[in-house]
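Trainee: Supplied in structure tokens, the structure appears directly below.
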Amino acid sequence: MSTPTSQVQLPPAGVDPEVLEAEEKKWTPAKIAIWVAIALVGGISWGVLAISRGETINAIWFVFAAVATYLIAYRFYSKYIERKVAKPDDFRATPAEYKSNGKDFMPTDRRVLFGHHFAAIAGAGPLVGPVLAAQLGYLPGTLWIIIGVILAGAVQDYLVMFFSMRRGGRSLGQMAREELGLIGGTAALLATLTIMIIIVAILALVVVNALGESAWGVYSVALTIPIALFMGIYLRYIRPGKIMEVSIIGFALLMFAIISGRWVAESEWGAALFHLDRPVIAWGIIIYGFIAAVLPVWLLLAPRDYLSTFMKIGVIVLLALAIIVVRPEISVPAFSEYATRTDGPVVAGPLFPFLFVTIACGALSGFHALISSGTTPKLVEKERQTRFLGYGGMLMESFVAIMALVAAISIDRGIYFAMNSSAAATGGTVEGAVAFVNSLGLTGVNLTPTMLTDLAHNVGEESIVSRTGGAPTLAVGIAHIMNQWFGGTALMGFWYHFAIMFEALFILTAVDAGTRVARFMLQDTLGNFIPKFKDTSWRLGAWICTAIMVAGWGYILILGVTDPLGGINTFFPLFGIANQLLAALALAVVMAIVARRGNFKHLWVVILPLAFATVVTTVASLYKIFSPVPAIGYWAQNAAFSKALAEGKESFGTAKTVAAMEAVVRNTTVQGTLSIVFLVLTLIVIITAIIATIRSFPNGRGVDSEDPVVESRMYAPAGLISSPSEKELEKQWSSLPAELQPKISKH
């Protein structure tokens with residue numbers, strides 16, 4: 001007679017903390033040797049990067065320095081944060097377990113969830129920011145990308161995710177309301193909504209600039225939409241649960257989309273149909289953003305996540321391997337001429353603070369805080385997994401940024417400036433670009449028309465002049481490295497458009513996911529006044545809120561596309577500042593939570609990145625608001641062009657027509673106003689967080705806003721690879737009857 005399942009004794013829901021600690025402290029000779037080797041590789045690589053001042057430097061040192069540093073930071077610093085600040089408890093159920101509803105809340109395999117999380121957080125920032133920052137030389141960007149992610153970006157992602165999970169998966173705005181009160185919470189809510197608009201707009205602008213006047217690119221990327229829809233239907237109705245199967249099919253279809261793109265682009269009908277101006281592409285993305293945000297998640301967003309994750313991680317690892325094999329020599333100096341100047345043609349302004357806000361997501365991203373307090377914490381199986389998902393996921397994004405930087409600095413410097421200077425500066429022609437770049441007086445730069453025309457022909461484009469936005473430059477860099485490893489010049493066009501496809505998938509995922517998150521945020525806000533809006537299944541409310549948010553970022557996108565000063569060159573600093581302000585806001589909320597827990601001894605872990613982000617973003621905002629230099633200050637630019645219009649001039653600076661001059665006035669008014677709004681709202685949140693933190697000191701502990709403790713009745717390992725004690729516990733759980741096995745989502 002069998003024992004009733006209700007009487008079966010379940011194994012422990014977590015490994016005994018003492019066993020875990022003993023396991024982690026056990027250092028074998030092999031383990032010591034491995035970490036000594038990693039430290040030596042990292043130390044030597046950093047030494048070469050720091051002191052090398054020769055004509056060239058090999059790109060492999062960037063890969064080795066980054067990987068070694070990430071491994072050490074994850075093993076030691078993130079573990080310190082876990083033990084001293086987060087203090088996870090695997091015997092405590094997560095919201096995915098105690099709120100499980102098969103929709104928003106569901107325990108999800110940590111490896112699958114890592115892919116979902118990475119696909120959601122990784123947008124244009126780690127691709128574009130480092131490319132633009134390459135103007136300053138290779139060392140400033142490398143230092144901030146690697147050190148910044150360890151001490152700031154990964155810390156924010158990890159702790160926001162952990163504390164959101166402890167609060168039932170609540171959003172950043174909701175946590176701010178609970179921790180900071182009405183004033184701070186309201187400011188946080190308004191800040192997140194307005195900043196989200198500018199973030200999504202710039203993400204979309206990068207896609208537009210990548211695809212502008214590129215029939216091959218437009219065709220290939222457009223084809224990914226029906227491919228994603230087919231994958232969604234295939235998984236839902238034809239072969240449910242067959243993730244690997246549909247991924248292989250999707251990858252094969254993607255390759256077809258890229259390869260057939262050249263045939264289509266070179267045909268008469270294909271060139272006529274897909275060679276589109278940037279405003280047309282912008283409207284296409286606006287329409288796509290609305291449709292994607294209101295369609296069911298399984299139909300478009302989920303399959304695009306699968307495509308994106310495989311492409312994102314696969315391409316970056318492939319690029320890293322190619323760098324190790326090809327070992328390209330970098331001729332860009334450690335500190336360029338523009339490291340000590342403020343008149344850079346790509347991004348104007350001094351190194352401090354504009355390096356930090358330009359690189360943005362590669363080291364620290366406020367956008368991640370919205371994802372880490374959005375979808376992901378509702379799907380985490382066990383508390384200890386948040387270190388792997390939050391800290392580990394952000395390290396992967398930083399690695400993307402380093403690879404983007406290496407790809408950008410691997411190409412000729414003259415070509416780099418020809419591609420990233422605005423059409424107003426180059427005239428949009430090969431001759432104009434050559435004259436402009438050679439007039440900059442850069443050491444070792446001698447650009448010729450043949451260099452630009454040959455490269456354009458090799459990558460299958462009509463022109464590469466003023467292809468601003470970072471994405472085309474990154475694609476050229478990837479093609480430049482990959483063709484040396486495989487295929488030669490004949491395959492440069494394939495590698496270039498493969499990279500464009502990779503970037504567009506990368507970014508479109510963030511555009512549609514960001515629009516959906518923004519819609520939820522607006523519904524929550526309006527729900528305070530009209531309760532029905534809180535019901536996310538109410539289709540009319542969903543459509544209204546989606547339309548409002550799409551109209552917001554769509555308006556900014558159109559301004560950027562029509563900007564005579566080069567949309568990405570003037571709008572990306574605002575994106576970077578807004579993104580970093582949002583990060584400061586998130587860290588301020590985390591600081592108040594850690595203080596409320598009475599953990600003042602280790603509060604420095606949060607205060608350090610918060611203080612730095614606050615100073616950087618405040619100084620950058622003040623530059624953009626008050627600088628008298630038109631190339632830097634929005635209002636100075638506005639005043640200069642307004643004066644020119646008032647004097648009846650028909651052209652001024654880089655604006656060659658009255659309409660262009662009026663566009664500059666309109667754009668700078670929007671940018672300047674948003675800069676003021678973002679800064680004021682963020683400072684309100686930070687000040688209220690400081691007050692809340694100070695108030696927690698006398699009491700040692702404030703009111704606990706965490707959800708009540710629920711005992712866990714399931715188990716899963718914490719990291720990518722199970723430890724010996726975790727494997728032993730997994731065996732105990734796998735021996736249980738099927739009906740007692742945890743219900744874990746594998747897709």
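Simple scheme: letters A, B, ... for chains in structure tokens order, numbers from 1 for residues in each chain, numbers from 1 for ligands in the order shown.
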What's the 9 Å shell around Ile150 in chain A, counting only C-alpha atoms, without same-chain residues fewer than 2 positions away, as a PDB file with C-alpha atoms, in the first residue's frame?
Mentor:
ATOM      1  CA  THR A  69      37.877  41.239 -13.898  1.00  0.00           C
ATOM      2  CA  TYR A  70      34.260  40.081 -14.302  1.00  0.00           C
ATOM      3  CA  ALA A  73      34.069  40.589  -9.233  1.00  0.00           C
ATOM      4  CA  TYR A  74      31.302  37.993  -9.525  1.00  0.00           C
ATOM      5  CA  TYR A  77      32.384  41.243  -4.614  1.00  0.00           C
ATOM      6  CA  SER A  78      28.909  40.034  -5.553  1.00  0.00           C
ATOM      7  CA  ILE A 145      32.693  50.145 -18.530  1.00  0.00           C
ATOM      8  CA  ILE A 146      34.490  47.548 -16.406  1.00  0.00           C
ATOM      9  CA  ILE A 147      34.916  49.324 -13.059  1.00  0.00           C
ATOM     10  CA  GLY A 148      31.546  51.070 -13.321  1.00  0.00           C
ATOM     11  CA  ALA A 152      27.514  50.521  -9.748  1.00  0.00           C
ATOM     12  CA  GLY A 153      25.538  48.905 -12.571  1.00  0.00           C
ATOM     13  CA  ALA A 154      25.533  45.308 -11.376  1.00  0.00           C
ATOM     14  CA  VAL A 155      24.976  46.400  -7.755  1.00  0.00           C
ATOM     15  CA  ALA A 363      28.238  50.440 -16.998  1.00  0.00           C
ATOM     16  CA  TYR A 391      24.683  40.884 -11.005  1.00  0.00           C
ATOM     17  CA  MET A 394      24.659  43.104 -15.927  1.00  0.00           C
ATOM     18  CA  LEU A 395      28.226  41.786 -16.254  1.00  0.00           C
TER      19      LEU A 395
END
Trainee: Could you name the residues that touch Asp277 in chain A at 12 Å or less, counting only C-alpha atoms, but leaving out those on the same chain fewer than 4 positions away, as an NGL selection string?
Mentor: :A and (208-215 or 218 or 272-273 or 281-284 or 561-562)
Trainee: Grab the CA of Ser627 in chain A to CA of Ala334 in chain A distance for me, in Å with one decimal place.
Mentor: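 Taking CA of Ser627 in chain A as the start and CA of Ala334 in chain A as the end point, the length is 27.7 Å.
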Trainee: Give me the residues within 9 Å of Arg384 in chain A as a list in words, counting only C-alpha atoms and dropping any in the same chain fewer than 6 places off.
Mentor: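 Contacts, with the query itself left out: Glu82, Lys87, Pro88, Asp89, Asp90, Phe162, Pro717, Ala718 and Gly719 of chain A.
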Trainee: Would you mind listing what lies within 12 Å of Trp35 in chain A as a PyMOL selection string, with only C-alpha atoms counted and same-chain residues fewer than 2 positions away left out?
Mentor: chain A and resi 27-33+37-43+68-69+71-73+75-76
Trainee: Give me the residues within 10 Å of Ala636 in chain A as an mmCIF file with N, CA, C and O atoms, in the first residue's frame, counting only C-alpha atoms and dropping any in the same chain fewer than 4 places off.
Mentor:
data_model
loop_
_atom_site.group_PDB
_atom_site.id
_atom_site.type_symbol
_atom_site.label_atom_id
_atom_site.label_comp_id
_atom_site.auth_asym_id
_atom_site.auth_seq_id
_atom_site.Cartn_x
_atom_site.Cartn_y
_atom_site.Cartn_z
ATOM 1 N N LYS A 624 24.137 70.914 -19.683
ATOM 2 C CA LYS A 624 23.161 70.969 -20.779
ATOM 3 C C LYS A 624 22.169 72.116 -20.597
ATOM 4 O O LYS A 624 21.642 72.649 -21.572
ATOM 5 N N ILE A 625 21.931 72.506 -19.347
ATOM 6 C CA ILE A 625 20.963 73.586 -19.084
ATOM 7 C C ILE A 625 21.620 74.964 -19.143
ATOM 8 O O ILE A 625 21.069 75.901 -19.735
ATOM 9 N N PHE A 626 22.826 75.086 -18.549
ATOM 10 C CA PHE A 626 23.403 76.425 -18.355
ATOM 11 C C PHE A 626 24.640 76.745 -19.197
ATOM 12 O O PHE A 626 25.067 77.906 -19.211
ATOM 13 N N SER A 627 25.235 75.770 -19.862
ATOM 14 C CA SER A 627 26.466 76.061 -20.612
ATOM 15 C C SER A 627 26.212 77.125 -21.675
ATOM 16 O O SER A 627 25.251 77.043 -22.441
ATOM 17 N N PRO A 628 27.084 78.138 -21.760
ATOM 18 C CA PRO A 628 26.926 79.185 -22.779
ATOM 19 C C PRO A 628 27.426 78.743 -24.158
ATOM 20 O O PRO A 628 27.277 79.474 -25.136
ATOM 21 N N VAL A 629 28.034 77.554 -24.228
ATOM 22 C CA VAL A 629 28.556 77.042 -25.500
ATOM 23 C C VAL A 629 27.424 76.333 -26.248
ATOM 24 O O VAL A 629 26.900 75.325 -25.768
ATOM 25 N N PRO A 630 27.021 76.818 -27.420
ATOM 26 C CA PRO A 630 25.875 76.231 -28.130
ATOM 27 C C PRO A 630 26.012 74.740 -28.433
ATOM 28 O O PRO A 630 25.019 74.012 -28.442
ATOM 29 N N ALA A 631 27.238 74.264 -28.665
ATOM 30 C CA ALA A 631 27.425 72.849 -28.972
ATOM 31 C C ALA A 631 27.142 71.963 -27.764
ATOM 32 O O ALA A 631 26.919 70.764 -27.906
ATOM 33 N N ILE A 632 27.145 72.552 -26.562
ATOM 34 C CA ILE A 632 26.938 71.782 -25.330
ATOM 35 C C ILE A 632 25.584 72.100 -24.693
ATOM 36 O O ILE A 632 24.817 71.194 -24.360
ATOM 37 N N ALA A 640 20.952 80.984 -29.701
ATOM 38 C CA ALA A 640 21.738 81.339 -30.880
ATOM 39 C C ALA A 640 20.903 81.223 -32.157
ATOM 40 O O ALA A 640 20.920 82.115 -33.016
ATOM 41 N N PHE A 641 20.168 80.127 -32.276
ATOM 42 C CA PHE A 641 19.361 79.919 -33.484
ATOM 43 C C PHE A 641 18.127 80.829 -33.494
ATOM 44 O O PHE A 641 17.697 81.280 -34.562
ATOM 45 N N SER A 642 17.560 81.083 -32.316
ATOM 46 C CA SER A 642 16.416 82.004 -32.237
ATOM 47 C C SER A 642 16.836 83.405 -32.663
ATOM 48 O O SER A 642 16.098 84.102 -33.383
ATOM 49 N N THR A 668 15.687 71.934 -29.251
ATOM 50 C CA THR A 668 16.401 72.349 -28.041
ATOM 51 C C THR A 668 15.440 72.799 -26.949
ATOM 52 O O THR A 668 15.760 72.675 -25.754
ATOM 53 N N GLY A 672 15.892 70.961 -23.542
ATOM 54 C CA GLY A 672 16.204 71.778 -22.373
ATOM 55 C C GLY A 672 15.154 71.650 -21.286
ATOM 56 O O GLY A 672 15.482 71.561 -20.091
#
Trainee: Among range 95-331 of chain A, which ones does DSSP assign to alpha helix (DSSP H) (computed from the backbone)? Answer as a PyMOL selection string.
Mentor: chain A and resi 95-98+110-121+125-133+138-148+154-166+172-211+215-233+243-266+268-274+278-294+301-326
Trainee: From the list A:Ile258, A:Val221, A:Leu720, A:Ala475, which residue is nearest Arg111 in chain A when using only C-alpha atoms?
Mentor: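 When distances to Arg111 in chain A are compared using only C-alpha atoms, the smallest one comes from A:Leu720.
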